[in-house]
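Below is run17.cif, holding mmCIF, C-alpha atoms.
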```cif
data_protein
#
loop_
_atom_site.label_atom_id
_atom_site.label_comp_id
_atom_site.auth_asym_id
_atom_site.auth_seq_id
_atom_site.Cartn_x
_atom_site.Cartn_y
_atom_site.Cartn_z
CA MET A 18 102.13 111.76 14.64
CA ASP A 19 102.82 112.24 10.98
CA SER A 20 101.21 109.35 9.12
CA HIS A 21 104.26 108.84 6.93
CA VAL A 22 106.49 108.42 9.98
CA ALA A 23 103.93 106.08 11.54
CA GLN A 24 103.90 104.01 8.37
CA LEU A 25 107.71 103.84 8.30
CA GLN A 26 107.79 102.83 11.94
CA MET A 27 105.27 100.06 11.25
CA GLN A 28 107.37 98.82 8.33
CA TYR A 29 110.48 98.97 10.49
CA ARG A 30 108.85 96.96 13.29
CA ASN A 31 107.59 94.33 10.87
CA TYR A 32 110.97 94.16 9.19
CA ILE A 33 112.81 93.49 12.45
CA LEU A 34 110.29 90.83 13.44
CA SER A 35 110.61 89.16 10.06
CA LEU A 36 114.39 88.89 10.43
CA TYR A 37 113.83 86.88 13.62
CA GLN A 38 110.90 84.88 12.24
CA GLN A 39 112.76 83.93 9.07
CA GLY A 40 115.74 82.75 11.09
CA PHE A 41 118.24 85.40 10.03
CA LEU A 42 118.68 86.56 13.63
CA ASP A 43 118.42 84.93 17.03
CA ASP A 44 118.43 86.00 20.70
CA GLN A 45 122.12 86.88 20.62
CA PHE A 46 121.27 89.88 18.39
CA THR A 47 118.88 91.01 21.10
CA GLU A 48 121.73 90.66 23.61
CA LEU A 49 123.92 92.78 21.32
CA LYS A 50 121.29 95.51 21.19
CA SER A 51 120.95 95.47 24.98
CA LEU A 52 124.65 96.37 25.26
CA GLN A 53 124.17 99.57 23.21
CA ASP A 54 123.50 102.74 25.16
CA ASP A 55 124.08 106.49 25.09
CA GLY A 56 127.72 105.92 25.97
CA SER A 57 128.19 103.58 22.98
CA PRO A 58 125.48 104.58 20.48
CA ASP A 59 127.17 102.82 17.54
CA PHE A 60 128.00 99.59 19.35
CA VAL A 61 125.76 97.32 17.26
CA ALA A 62 126.94 98.83 13.98
CA GLU A 63 130.60 98.52 15.06
CA VAL A 64 130.22 94.87 16.09
CA LEU A 65 128.37 94.00 12.88
CA SER A 66 131.07 95.74 10.88
CA LEU A 67 133.68 93.50 12.57
CA PHE A 68 131.52 90.46 11.83
CA PHE A 69 131.23 91.24 8.12
CA ASP A 70 135.00 91.92 7.97
CA ASP A 71 135.47 88.44 9.49
CA CYS A 72 133.14 86.96 6.87
CA VAL A 73 135.11 88.45 3.98
CA LYS A 74 138.44 87.33 5.43
CA LEU A 75 137.39 83.82 6.45
CA VAL A 76 135.37 83.03 3.32
CA GLY A 77 138.41 84.15 1.31
CA ASN A 78 140.68 81.87 3.37
CA MET A 79 138.33 78.91 2.92
CA ALA A 80 138.02 79.52 -0.83
CA ARG A 81 141.80 79.57 -1.19
CA ALA A 82 142.19 76.44 0.94
CA LEU A 83 139.62 74.57 -1.16
CA ASP A 84 141.15 75.81 -4.39
CA GLN A 85 144.42 74.01 -3.82
CA THR A 86 145.49 71.76 -6.66
CA GLY A 87 146.43 68.50 -5.05
CA THR A 88 145.49 67.68 -1.47
CA VAL A 89 143.09 70.03 0.29
CA ASP A 90 143.98 70.81 3.90
CA PHE A 91 140.58 70.20 5.46
CA SER A 92 141.89 71.03 8.93
CA GLN A 93 142.76 74.52 7.68
CA VAL A 94 139.29 74.91 6.16
CA GLY A 95 137.82 73.63 9.42
CA ALA A 96 139.81 76.11 11.50
CA ASN A 97 138.36 79.00 9.46
CA VAL A 98 134.86 77.53 9.74
CA HIS A 99 135.36 77.32 13.50
CA GLN A 100 136.25 81.01 13.67
CA LEU A 101 133.26 81.99 11.54
CA LYS A 102 130.99 79.90 13.74
CA GLY A 103 132.27 81.78 16.78
CA SER A 104 131.73 85.18 15.16
CA SER A 105 128.29 84.38 13.77
CA SER A 106 127.03 82.95 17.05
CA SER A 107 128.31 86.04 18.87
CA VAL A 108 126.24 88.46 16.76
CA GLY A 109 123.14 86.30 16.44
CA ALA A 110 123.60 85.49 12.74
CA LYS A 111 121.56 82.31 13.07
CA ARG A 112 121.58 81.04 9.48
CA VAL A 113 125.31 81.62 9.05
CA LYS A 114 125.97 79.80 12.33
CA GLY A 115 123.80 76.88 11.22
CA LEU A 116 125.70 76.59 7.95
CA CYS A 117 129.00 76.61 9.84
CA ILE A 118 127.86 73.64 11.94
CA ASN A 119 127.15 71.63 8.76
CA PHE A 120 130.34 72.89 7.16
CA LYS A 121 132.45 71.66 10.09
CA GLU A 122 130.99 68.15 9.71
CA LEU A 123 131.77 68.20 5.99
CA CYS A 124 135.37 69.20 6.73
CA GLU A 125 135.71 66.37 9.24
CA ALA A 126 134.34 63.96 6.62
CA LYS A 127 136.74 65.48 4.03
CA ASN A 128 133.78 65.87 1.68
CA TYR A 129 135.22 68.20 -0.97
CA GLU A 130 132.06 68.76 -3.05
CA GLY A 131 130.02 69.26 0.12
CA CYS A 132 132.52 71.82 1.42
CA VAL A 133 132.50 73.76 -1.85
CA ARG A 134 128.67 73.84 -1.90
CA CYS A 135 128.53 74.88 1.74
CA LEU A 136 131.05 77.66 1.18
CA GLN A 137 128.87 79.03 -1.63
CA GLN A 138 125.88 78.97 0.71
CA VAL A 139 127.82 80.74 3.48
CA ASP A 140 128.89 83.41 0.99
CA ILE A 141 125.30 84.00 -0.15
CA GLU A 142 123.93 83.91 3.38
CA TYR A 143 126.23 86.47 4.98
CA LYS A 144 125.80 88.85 2.03
CA THR A 145 122.02 88.48 2.27
CA LEU A 146 122.13 89.23 6.00
CA LYS A 147 124.38 92.22 5.37
CA ALA A 148 121.94 93.65 2.81
CA LYS A 149 118.97 93.12 5.12
CA LEU A 150 120.68 94.75 8.10
CA GLN A 151 121.75 97.66 5.89
CA ASP A 152 118.11 98.13 4.86
CA MET A 153 117.10 98.08 8.53
CA PHE A 154 119.68 100.72 9.45
CA ASN A 155 118.76 102.89 6.44
CA VAL A 156 115.10 102.97 7.50
CA SER A 157 116.08 103.68 11.11
CA VAL A 158 118.15 106.69 10.04
CA ILE A 159 115.19 108.10 8.08
CA ILE A 160 112.85 107.61 11.03
CA VAL A 161 115.27 109.23 13.49
CA HIS A 162 115.56 112.26 11.21
CA MET A 163 111.78 112.55 10.96
CA ASN A 164 110.89 111.75 14.55
CA PRO A 165 112.79 112.77 17.69
CA VAL A 166 111.83 109.56 19.47
CA SER A 167 114.64 107.09 19.07
CA VAL A 168 113.88 104.28 16.69
CA TRP A 169 115.51 101.90 19.11
CA ASP A 170 112.65 102.62 21.54
CA ASP A 171 110.44 100.73 19.09
CA PHE A 172 112.99 97.95 18.93
CA ASN A 173 113.05 97.72 22.69
CA LYS A 174 109.25 97.56 22.87
CA ILE A 175 108.95 94.86 20.23
CA ILE A 176 111.92 92.67 20.97
CA LEU A 177 112.80 93.27 24.60
CA GLY A 178 109.20 93.74 25.78
CA LYS A 179 110.11 97.00 27.47
CA GLU A 180 107.59 99.89 27.57
CA MET B 6 121.58 123.55 70.09
CA ALA B 7 124.40 123.44 72.55
CA SER B 8 126.79 120.64 71.97
CA THR B 9 127.51 118.35 74.84
CA GLY B 10 131.02 117.22 75.64
CA GLY B 11 131.81 113.82 74.43
CA ASP B 12 129.67 114.04 71.29
CA ILE B 13 131.17 111.84 68.70
CA GLU B 14 131.48 113.67 65.44
CA GLN B 15 129.54 111.76 62.93
CA THR B 16 131.30 111.43 59.63
CA LYS B 17 129.71 110.11 56.56
CA SER B 18 131.35 106.93 55.53
CA VAL B 19 132.06 106.86 51.84
CA GLU B 20 131.50 103.53 50.26
CA VAL B 21 133.95 102.95 47.49
CA LYS B 22 132.58 100.22 45.33
CA LYS B 23 135.35 98.14 43.89
CA LYS B 24 135.22 97.72 40.15
CA LEU B 25 135.88 94.22 38.98
CA ASN B 26 139.11 94.07 36.99
CA VAL B 27 138.91 91.64 34.06
CA LEU B 28 141.43 90.41 31.48
CA ILE B 29 139.82 89.38 28.18
CA VAL B 30 141.96 86.98 26.16
CA ASP B 31 140.73 86.28 22.61
CA ASP B 32 142.23 86.49 19.12
CA SER B 33 138.93 87.84 17.69
CA ALA B 34 138.49 91.62 17.75
CA LEU B 35 134.72 91.08 17.61
CA ILE B 36 134.72 88.83 20.69
CA ARG B 37 137.01 91.20 22.61
CA LYS B 38 134.66 94.12 21.85
CA LEU B 39 131.60 92.10 22.86
CA HIS B 40 133.13 90.90 26.11
CA GLU B 41 134.39 94.41 26.96
CA ALA B 42 130.83 95.71 26.58
CA ILE B 43 129.40 92.92 28.76
CA ILE B 44 131.96 93.58 31.51
CA GLU B 45 131.27 97.31 31.38
CA LYS B 46 127.51 96.71 31.60
CA LEU B 47 128.12 94.54 34.67
CA GLY B 48 130.10 97.32 36.30
CA GLY B 49 133.61 96.11 35.65
CA ILE B 50 136.70 97.39 33.84
CA SER B 51 138.71 95.37 31.37
CA GLN B 52 142.00 94.97 29.59
CA THR B 53 142.48 92.78 26.53
CA ALA B 54 145.07 90.38 25.16
CA GLU B 55 145.06 88.92 21.66
CA ASN B 56 146.45 85.51 22.58
CA GLY B 57 147.70 83.37 25.44
CA GLU B 58 151.28 84.60 25.12
CA GLU B 59 150.19 88.21 25.65
CA ALA B 60 148.11 87.17 28.66
CA VAL B 61 151.13 85.43 30.21
CA ASN B 62 153.44 88.37 29.45
CA ILE B 63 151.03 90.77 31.18
CA HIS B 64 151.56 88.70 34.36
CA ARG B 65 155.34 88.30 34.08
CA ASN B 66 156.39 91.31 36.16
CA GLY B 67 154.10 90.26 39.01
CA ASP B 68 152.13 93.54 39.10
CA ALA B 69 149.04 92.27 37.27
CA SER B 70 146.03 91.79 39.48
CA PHE B 71 142.86 90.65 37.80
CA ASP B 72 139.75 89.42 39.55
CA LEU B 73 138.72 87.49 36.46
CA ILE B 74 140.35 86.24 33.26
CA LEU B 75 138.10 85.31 30.32
CA MET B 76 140.15 82.87 28.26
CA ASP B 77 139.46 81.73 24.71
CA LYS B 78 140.73 78.26 23.80
CA GLN B 79 141.94 78.37 20.22
CA MET B 80 144.38 81.21 19.65
CA PRO B 81 147.61 81.62 17.67
CA LYS B 82 151.05 81.77 19.39
CA MET B 83 149.73 80.28 22.64
CA ASP B 84 146.32 78.68 23.06
CA GLY B 85 144.06 78.93 26.07
CA VAL B 86 145.00 75.55 27.54
CA SER B 87 148.74 76.35 27.51
CA ALA B 88 148.16 79.89 28.77
CA THR B 89 145.99 78.70 31.65
CA LYS B 90 148.56 76.06 32.66
CA LYS B 91 151.33 78.65 32.52
CA LEU B 92 149.39 81.20 34.58
CA ARG B 93 148.69 78.60 37.28
CA GLU B 94 152.40 77.63 37.30
CA MET B 95 153.13 81.33 37.85
CA LYS B 96 150.78 81.16 40.90
CA VAL B 97 148.18 83.43 39.35
CA THR B 98 145.14 83.08 41.60
CA SER B 99 142.64 85.04 39.49
CA MET B 100 139.45 83.24 38.58
CA ILE B 101 140.02 81.92 35.06
CA VAL B 102 136.92 81.22 32.98
CA GLY B 103 137.16 79.50 29.62
CA VAL B 104 134.93 80.83 26.84
CA THR B 105 134.92 78.53 23.84
CA THR B 106 132.89 77.13 20.99
CA LEU B 107 134.31 73.73 21.86
CA ALA B 108 132.53 73.48 25.17
CA ALA B 109 130.19 70.85 23.74
CA ASP B 110 133.12 68.49 22.99
CA GLU B 111 133.62 66.58 26.26
CA GLU B 112 137.26 65.66 25.86
CA GLU B 113 138.29 69.14 24.81
CA TYR B 114 136.22 70.60 27.65
CA LYS B 115 137.87 68.34 30.23
CA ALA B 116 141.35 69.16 28.94
CA PHE B 117 140.61 72.87 29.21
CA MET B 118 139.17 72.52 32.73
CA ASP B 119 142.14 70.35 33.81
CA ALA B 120 144.53 73.11 32.71
CA GLY B 121 143.32 75.12 35.70
CA LEU B 122 140.03 76.77 34.82
CA ASP B 123 137.46 77.60 37.46
CA HIS B 124 134.57 77.50 34.99
CA CYS B 125 133.98 77.13 31.26
CA PHE B 126 131.21 78.73 29.21
CA GLU B 127 130.16 78.02 25.66
CA LYS B 128 130.19 80.96 23.29
CA PRO B 129 128.42 83.25 22.89
CA LEU B 130 128.87 84.87 26.27
CA SER B 131 126.02 86.99 27.61
CA LYS B 132 125.31 89.19 30.63
CA ASP B 133 122.98 86.52 32.02
CA LYS B 134 125.69 83.85 31.89
CA LEU B 135 128.34 86.02 33.49
CA GLU B 136 126.34 88.00 36.05
CA PRO B 137 126.07 85.31 38.78
CA LEU B 138 129.84 84.80 38.61
CA ILE B 139 130.55 88.52 38.71
CA ASN B 140 128.22 88.94 41.73
CA LYS B 141 130.00 86.08 43.51
CA LEU B 142 133.39 87.73 42.89
CA MET B 143 132.13 91.12 44.05
CA ASP B 144 130.74 89.60 47.26
CA ALA B 145 133.96 87.75 48.02
#
```
Encoded form (structure tokens):
Amino acid sequence: MDSHVAQLQMQYRNYILSLYQQGFLDDQFTELKSLQDDGSPDFVAEVLSLFFDDCVKLVGNMARALDQTGTVDFSQVGANVHQLKGSSSSVGAKRVKGLCINFKELCEAKNYEGCVRCLQQVDIEYKTLKAKLQDMFNVSVIIVHMNPVSVWDDFNKIILGKE
Amino acid sequence: MASTGGDIEQTKSVEVKKKLNVLIVDDSALIRKLHEAIIEKLGGISQTAENGEEAVNIHRNGDASFDLILMDKQMPKMDGVSATKKLREMKVTSMIVGVTTLAADEEEYKAFMDAGLDHCFEKPLSKDKLEPLINKLMDA
């Protein structure tokens, strides 16, 4: 096997593992991957695209709700947090989900400063995850072009324990 | 070989495996897509509704026949509790399973179950959570 491809595959494997080890992803991402097959080869990318669309929309809604002069409607903020928690848990976005749990408590406590800080963290966290997953997909595309063996075979071996 | 009178012609019986028919009710496009994929992986077919009102309307003409309804709780227009109550009032006998992020809240969970659910799962849904239920329905 070409040594350059082998090196890329090693980097790719380590990168995926690091996303789990650093808490960016959890088992639900593995579940997502297990639903992708030849009949739906872009399933993971399509679901993640919907997730990041949700993030943009819901973070925007929360920012507007918290930016109200006068009384902030914390139930409205909380409703958006609830939706983001559902989305993030469904794709395995572990850190985003964790932040949403804290955020919900801050909404219930009507802690304005806490909510604003948490929203900033959510914004940073989902954008960080998006950048990392984009890097992962970019490397996978390069590997697929250079090596006929599907890069997801490596993923399956590492994460799902399948040979 | 000469055939003897009275031989019974053997015909191959064709086993037609019924595909489970599922209605997925959720206001999130992401969740609908995820649940569709899970149902397909488990050998079923699915239709979707974006809220409780749509789910009820699908049943209004009396032709709808779902083996399973996956019902979200919080949805605009008509939530999962109201939709489940309405479907049971309409004598819908499909298995209705709640799928919600509020499953951990006991009061909310009880209210949802009391509306007429058969089961309630906490999101996220997975093949492992749903498979035993699907197998039970297929065996019934």
Can you work out which one of B:Pro137, B:Pro129, B:Gly85, B:Gly57 has the shortest atom-to-atom distance to chain A, counting all atoms listed in the file?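 Closest to chain A of all the choices is B:Pro129.
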Residues of chain B within 9 Å of chain A, all atoms listed in the file counted, as JSON, numbers by chain: {"B": [33, 34, 35, 36, 38, 39, 42, 43, 46, 105, 106, 128, 129, 130, 131, 132]}
Hey, what's within 6 Å of Asp32 in chain B if we count only C-alpha atoms and toss same-chain stuff fewer than 6 positions away? As a ChimeraX atom specification, please? /B:55-56,80
Fewer than 4 positions away in the same chain doesn't count, so skip those; otherwise give me all residues within 8 Å of range 79-81 of chain A, counting only C-alpha atoms, as a short mmCIF file (atom, residue, chain, number, x, y, z; two decimals) with C-alpha atoms, in the frame of the given file.
```cif
data_model
loop_
_atom_site.label_atom_id
_atom_site.label_comp_id
_atom_site.auth_asym_id
_atom_site.auth_seq_id
_atom_site.Cartn_x
_atom_site.Cartn_y
_atom_site.Cartn_z
CA LEU A 75 137.39 83.82 6.45
CA GLN A 85 144.42 74.01 -3.82
CA GLN A 93 142.76 74.52 7.68
CA VAL A 94 139.29 74.91 6.16
CA ASN A 97 138.36 79.00 9.46
CA VAL A 98 134.86 77.53 9.74
CA LEU A 136 131.05 77.66 1.18
#
```
d(CA of Lys149 in chain A, CA of Asp55 in chain A) in Å: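 So the answer is 24.6 Å.
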Give as a list in words the set of residues within 6 Å of the point (110.7, 108.8, 5.9), where distances use the file's coordinates and only C-alpha atoms.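 Within 6 Å of (110.7, 108.8, 5.9), the protein and nucleic acid residues are Val22, Ile159 and Ile160 of chain A.
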Between CA of Arg37 in chain B and CA of Cys132 in chain A, distance in Å (one decimal): 29.1 Å
When you get a chance, write out all heavy atoms for range 39-50 of chain A, as a compact mmCIF listing (two decimals), in the frame of the given file.
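Below is the file selection35.txt, written as the result:
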```txt
# COMPACT_ATOMS: atom_id res chain seq x y z
N GLN A 39 112.19 84.67 10.19
CA GLN A 39 112.76 83.93 9.07
C GLN A 39 114.10 83.29 9.42
O GLN A 39 114.73 82.67 8.57
CB GLN A 39 112.94 84.86 7.87
CG GLN A 39 111.63 85.31 7.25
CD GLN A 39 111.84 86.44 6.25
OE1 GLN A 39 112.90 86.56 5.63
NE2 GLN A 39 110.84 87.29 6.10
N GLY A 40 114.54 83.45 10.65
CA GLY A 40 115.74 82.75 11.09
C GLY A 40 117.06 83.44 10.76
O GLY A 40 118.12 82.86 10.88
N PHE A 41 116.98 84.69 10.30
CA PHE A 41 118.24 85.40 10.03
C PHE A 41 118.94 85.77 11.34
O PHE A 41 120.16 85.77 11.41
CB PHE A 41 117.97 86.69 9.23
CG PHE A 41 117.65 86.43 7.80
CD1 PHE A 41 116.35 86.45 7.34
CD2 PHE A 41 118.66 86.17 6.88
CE1 PHE A 41 116.04 86.20 6.01
CE2 PHE A 41 118.38 85.92 5.55
CZ PHE A 41 117.07 85.94 5.12
N LEU A 42 118.14 86.13 12.34
CA LEU A 42 118.68 86.56 13.63
C LEU A 42 118.13 85.70 14.76
O LEU A 42 117.03 85.15 14.65
CB LEU A 42 118.31 88.03 13.90
CG LEU A 42 118.79 89.08 12.91
CD1 LEU A 42 118.21 90.44 13.28
CD2 LEU A 42 120.32 89.15 12.90
N ASP A 43 118.92 85.61 15.84
CA ASP A 43 118.42 84.93 17.03
C ASP A 43 118.64 85.81 18.27
O ASP A 43 119.01 86.98 18.15
CB ASP A 43 119.08 83.55 17.19
CG ASP A 43 120.59 83.61 17.42
OD1 ASP A 43 121.08 84.65 17.89
OD2 ASP A 43 121.27 82.61 17.13
N ASP A 44 118.39 85.24 19.45
CA ASP A 44 118.43 86.00 20.70
C ASP A 44 119.74 86.73 20.96
O ASP A 44 119.78 87.72 21.69
CB ASP A 44 118.16 85.06 21.89
CG ASP A 44 116.71 84.65 21.96
OD1 ASP A 44 115.88 85.29 21.28
OD2 ASP A 44 116.40 83.67 22.68
N GLN A 45 120.83 86.23 20.38
CA GLN A 45 122.12 86.88 20.62
C GLN A 45 122.13 88.29 20.03
O GLN A 45 122.82 89.18 20.55
CB GLN A 45 123.26 86.04 20.05
CG GLN A 45 124.65 86.60 20.34
CD GLN A 45 125.01 86.69 21.82
OE1 GLN A 45 124.40 86.06 22.67
NE2 GLN A 45 125.99 87.52 22.14
N PHE A 46 121.35 88.53 18.95
CA PHE A 46 121.27 89.88 18.39
C PHE A 46 120.57 90.81 19.38
O PHE A 46 120.93 91.97 19.53
CB PHE A 46 120.54 89.87 17.04
CG PHE A 46 120.56 91.21 16.35
CD1 PHE A 46 121.71 91.64 15.68
CD2 PHE A 46 119.47 92.05 16.37
CE1 PHE A 46 121.75 92.87 15.05
CE2 PHE A 46 119.50 93.28 15.75
CZ PHE A 46 120.63 93.70 15.08
N THR A 47 119.58 90.25 20.06
CA THR A 47 118.88 91.01 21.10
C THR A 47 119.86 91.38 22.22
O THR A 47 119.84 92.51 22.74
CB THR A 47 117.72 90.19 21.69
OG1 THR A 47 116.97 89.61 20.62
CG2 THR A 47 116.82 91.04 22.55
N GLU A 48 120.70 90.43 22.59
CA GLU A 48 121.73 90.66 23.61
C GLU A 48 122.66 91.80 23.16
O GLU A 48 122.99 92.69 23.95
CB GLU A 48 122.54 89.37 23.83
CG GLU A 48 123.78 89.50 24.69
CD GLU A 48 123.49 89.63 26.18
OE1 GLU A 48 122.34 89.40 26.59
OE2 GLU A 48 124.43 89.99 26.93
N LEU A 49 123.04 91.76 21.90
CA LEU A 49 123.92 92.78 21.32
C LEU A 49 123.28 94.16 21.47
O LEU A 49 123.93 95.12 21.89
CB LEU A 49 124.10 92.45 19.84
CG LEU A 49 125.41 92.77 19.16
CD1 LEU A 49 126.53 91.97 19.80
CD2 LEU A 49 125.33 92.37 17.69
N LYS A 50 122.01 94.24 21.12
CA LYS A 50 121.29 95.51 21.19
C LYS A 50 121.22 96.02 22.63
O LYS A 50 121.33 97.22 22.89
CB LYS A 50 119.88 95.31 20.61
CG LYS A 50 119.00 96.52 20.74
CD LYS A 50 119.57 97.76 20.10
CE LYS A 50 118.87 99.01 20.57
NZ LYS A 50 119.27 99.42 21.95
```
